[in-house]
file entry25.cif (mmCIF, C-alpha atoms)
data_my_file
loop_
_atom_site.label_atom_id
_atom_site.label_comp_id
_atom_site.auth_asym_id
_atom_site.auth_seq_id
_atom_site.Cartn_x
_atom_site.Cartn_y
_atom_site.Cartn_z
CA MET A 2 0.00 0.00 0.00
CA ASN A 3 1.20 3.45 -0.87
CA LEU A 4 -0.17 6.44 1.03
CA ARG A 5 0.18 9.86 -0.55
CA ILE A 6 -0.63 13.03 1.32
CA SER A 7 -0.95 16.30 -0.54
CA GLU A 8 -2.84 19.52 0.00
CA ASN A 9 -6.45 18.61 0.81
CA GLN A 10 -6.01 15.08 -0.55
CA LEU A 11 -5.28 11.67 0.95
CA ARG A 12 -4.61 8.97 -1.65
CA PHE A 13 -4.41 5.25 -0.92
CA ARG A 14 -2.88 3.23 -3.77
CA ILE A 15 -2.92 -0.54 -3.56
CA THR A 16 -1.61 -3.28 -5.82
CA GLN A 17 -3.71 -5.97 -7.48
CA GLY A 18 -2.40 -8.49 -4.94
CA GLU A 19 -3.45 -6.23 -2.08
CA THR A 20 -6.86 -5.85 -3.75
CA GLU A 21 -7.25 -9.62 -3.55
CA LEU A 22 -6.32 -9.57 0.17
CA LEU A 23 -8.77 -6.72 0.83
CA THR A 24 -11.54 -8.58 -0.96
CA ARG A 25 -10.82 -11.81 0.93
CA ASP A 26 -10.15 -10.41 4.44
CA GLY A 27 -12.15 -7.17 4.35
CA VAL A 28 -9.19 -5.15 5.63
CA LEU A 29 -5.67 -4.25 4.55
CA ALA A 30 -3.50 -2.72 7.29
CA PHE A 31 0.09 -1.55 7.69
CA SER A 32 2.02 0.03 10.54
CA LEU A 33 4.69 2.70 10.44
CA ASN A 34 7.09 2.62 13.38
CA LEU A 35 8.17 6.16 14.26
CA GLY A 36 10.41 5.28 17.19
CA ALA A 37 8.35 5.87 20.31
CA GLN A 38 5.09 5.87 18.35
CA THR A 39 3.54 3.51 15.83
CA VAL A 40 0.92 4.72 13.36
CA GLU A 41 -1.39 2.30 11.59
CA TYR A 42 -3.11 3.03 8.33
CA SER A 43 -5.63 0.73 6.74
CA VAL A 44 -8.32 0.25 4.13
CA ALA A 45 -11.43 -1.60 5.29
CA LEU A 46 -14.59 -2.70 3.52
CA ALA A 47 -17.78 -1.70 5.32
CA GLU A 48 -21.48 -1.17 4.82
CA ILE A 49 -21.57 2.66 4.73
CA GLU A 50 -23.85 5.22 3.11
CA GLN A 51 -21.17 7.08 1.17
CA THR A 52 -18.54 5.45 -1.05
CA LEU A 53 -15.53 6.50 1.06
CA ALA A 54 -15.12 7.70 4.63
CA LEU A 55 -12.13 8.33 6.88
CA ASP A 56 -11.89 7.27 10.52
CA VAL A 57 -9.11 9.30 12.14
CA GLN A 58 -7.72 8.27 15.51
CA LYS A 59 -4.59 9.46 17.31
CA THR A 60 -2.44 6.58 16.03
CA ALA A 61 -4.54 5.19 13.19
CA TRP A 62 -6.12 6.33 9.92
CA LYS A 63 -8.69 4.00 8.40
CA LEU A 64 -10.15 4.48 4.94
CA LEU A 65 -13.62 2.92 4.92
CA VAL A 66 -14.87 1.77 1.53
CA ASP A 67 -18.45 0.78 0.83
CA ARG A 68 -18.39 -2.92 -0.02
CA LYS A 69 -20.93 -2.67 -2.88
CA ASP A 70 -19.16 0.32 -4.48
CA PHE A 71 -15.81 -1.47 -4.15
CA SER A 72 -17.19 -4.52 -5.99
CA GLN A 73 -18.44 -2.27 -8.81
CA PHE A 74 -15.04 -0.57 -8.93
CA LEU A 75 -13.25 -3.93 -9.22
CA ALA A 76 -15.47 -4.84 -12.16
CA SER A 77 -14.20 -1.74 -14.00
CA LEU A 78 -10.52 -2.73 -13.71
CA PRO A 79 -8.12 -2.31 -15.35
CA SER A 80 -8.61 1.44 -15.22
CA ARG A 81 -6.46 4.45 -14.50
CA GLU A 82 -9.36 5.95 -12.56
CA GLY A 83 -9.87 5.38 -8.86
CA ILE A 84 -12.66 5.96 -6.40
CA GLU A 85 -12.78 9.60 -5.26
CA GLN A 86 -14.93 11.43 -2.75
CA THR A 87 -14.67 14.72 -0.91
CA VAL A 88 -15.53 14.40 2.79
CA THR A 89 -15.42 16.61 5.86
CA VAL A 90 -13.13 15.40 8.65
CA ASN A 91 -13.01 17.40 11.87
CA GLY A 92 -14.42 20.43 10.07
CA ALA A 93 -11.97 20.32 7.15
CA GLN A 94 -12.75 19.14 3.62
CA ILE A 95 -10.43 16.53 2.18
CA GLU A 96 -10.52 14.51 -1.01
CA LEU A 97 -10.15 10.77 -0.42
CA VAL A 98 -8.89 8.59 -3.25
CA LEU A 99 -8.50 4.83 -3.57
CA GLU A 100 -6.57 3.58 -6.60
CA VAL A 101 -5.42 0.17 -7.76
CA ASP A 102 -2.04 -0.03 -9.47
CA VAL A 103 -2.99 -2.33 -12.34
CA ARG A 104 0.62 -2.62 -13.48
CA ARG A 105 1.88 -4.24 -10.25
CA LYS A 106 0.76 -7.53 -8.77
CA ARG A 107 2.55 -7.07 -5.42
#

call {"tool": "encode", "arguments": {"input": "entry25.cif", "output": "structure tokens"}}
result
Amino acid sequence: MNLRISENQLRFRITQGETELLTRDGVLAFSLNLGAQTVEYSVALAEIEQTLALDVQKTAWKLLVDRKDFSQFLASLPSREGIEQTVTVNGAQIELVLEVDVRRKR
């Protein structure tokens, strides 16, 4: 998983292999050890009203993806387009993006 942070945008990019894991397990998670603190970031399938949502905790960021919308997205692959949605998190608008790198298996 590749996490890209830019102005007003948070982009999660996963490989085809990670897409298979996400589909099978319902969650894809990684941890970043920053010495005294560890931060976890993950993508999880859920039954939610919007396509994408972000759950922000002190040491974890979780991108929630509607399971039905994710299945429809997978059916459109390969595609250079991802799933995008602008959401409000703690009073600030941010664009969430989930992409699948169709060129890489792992």

call {"tool": "closest_residue", "arguments": {"input": "entry25.cif", "among": "A:Ala93, A:Val103, A:Val98, A:Leu29", "to": "Leu75 in chain A", "atoms": "all atoms listed in the file"}}
result
A:Val103

call {"tool": "resolve_selection", "arguments": {"input": "entry25.cif", "expression": "the PyMOL selection byres ((chain A and resi 104) around 12)", "output": "MDAnalysis selection string"}}
result
chainID A and resid 14:18 78:81 100:103 105:107

call {"tool": "write_last_selection", "arguments": {"input": "entry25.cif", "atoms": "C-alpha atoms", "output": "PDB file, in the frame of the given file"}}
result
ATOM      1  CA  ARG A  14      -2.880   3.230  -3.770  1.00  0.00           C
ATOM      2  CA  ILE A  15      -2.920  -0.540  -3.560  1.00  0.00           C
ATOM      3  CA  THR A  16      -1.610  -3.280  -5.820  1.00  0.00           C
ATOM      4  CA  GLN A  17      -3.710  -5.970  -7.480  1.00  0.00           C
ATOM      5  CA  GLY A  18      -2.400  -8.490  -4.940  1.00  0.00           C
ATOM      6  CA  LEU A  78     -10.520  -2.730 -13.710  1.00  0.00           C
ATOM      7  CA  PRO A  79      -8.120  -2.310 -15.350  1.00  0.00           C
ATOM      8  CA  SER A  80      -8.610   1.440 -15.220  1.00  0.00           C
ATOM      9  CA  ARG A  81      -6.460   4.450 -14.500  1.00  0.00           C
ATOM     10  CA  GLU A 100      -6.570   3.580  -6.600  1.00  0.00           C
ATOM     11  CA  VAL A 101      -5.420   0.170  -7.760  1.00  0.00           C
ATOM     12  CA  ASP A 102      -2.040  -0.030  -9.470  1.00  0.00           C
ATOM     13  CA  VAL A 103      -2.990  -2.330 -12.340  1.00  0.00           C
ATOM     14  CA  ARG A 105       1.880  -4.240 -10.250  1.00  0.00           C
ATOM     15  CA  LYS A 106       0.760  -7.530  -8.770  1.00  0.00           C
ATOM     16  CA  ARG A 107       2.550  -7.070  -5.420  1.00  0.00           C
TER      17      ARG A 107
END

call {"tool": "resolve_selection", "arguments": {"input": "entry25.cif", "expression": "the PyMOL selection byres ((chain A and resi 86) around 8)", "output": "MDAnalysis selection string"}}
result
chainID A and resid 52:53 84:85 87:88 96:98

call {"tool": "atom_distance", "arguments": {"input": "entry25.cif", "atom1": "CA of Glu82 in chain A", "atom2": "CA of Thr24 in chain A"}}
result
18.7 Å

call {"tool": "resolve_selection", "arguments": {"input": "entry25.cif", "expression": "the PyMOL selection byres ((chain A and resi 41) around 10)", "output": "MDAnalysis selection string"}}
result
chainID A and resid 30:34 39:40 42:43 58:63

call {"tool": "closest_residue", "arguments": {"input": "entry25.cif", "among": "A:Met2, A:Gly36, A:Ser77, A:Val66", "to": "Glu48 in chain A", "atoms": "all atoms listed in the file"}}
result
A:Val66

call {"tool": "atom_distance", "arguments": {"input": "entry25.cif", "atom1": "CA of Asn91 in chain A", "atom2": "CA of Ile49 in chain A"}}
result
18.5 Å

call {"tool": "closest_residue", "arguments": {"input": "entry25.cif", "among": "A:Ala76, A:Leu99, A:Leu65, A:Val90", "to": "Asn9 in chain A", "atoms": "all atoms listed in the file"}}
result
A:Val90

call {"tool": "atom_distance", "arguments": {"input": "entry25.cif", "atom1": "CA of Glu21 in chain A", "atom2": "CA of Ser72 in chain A"}}
result
11.4 Å
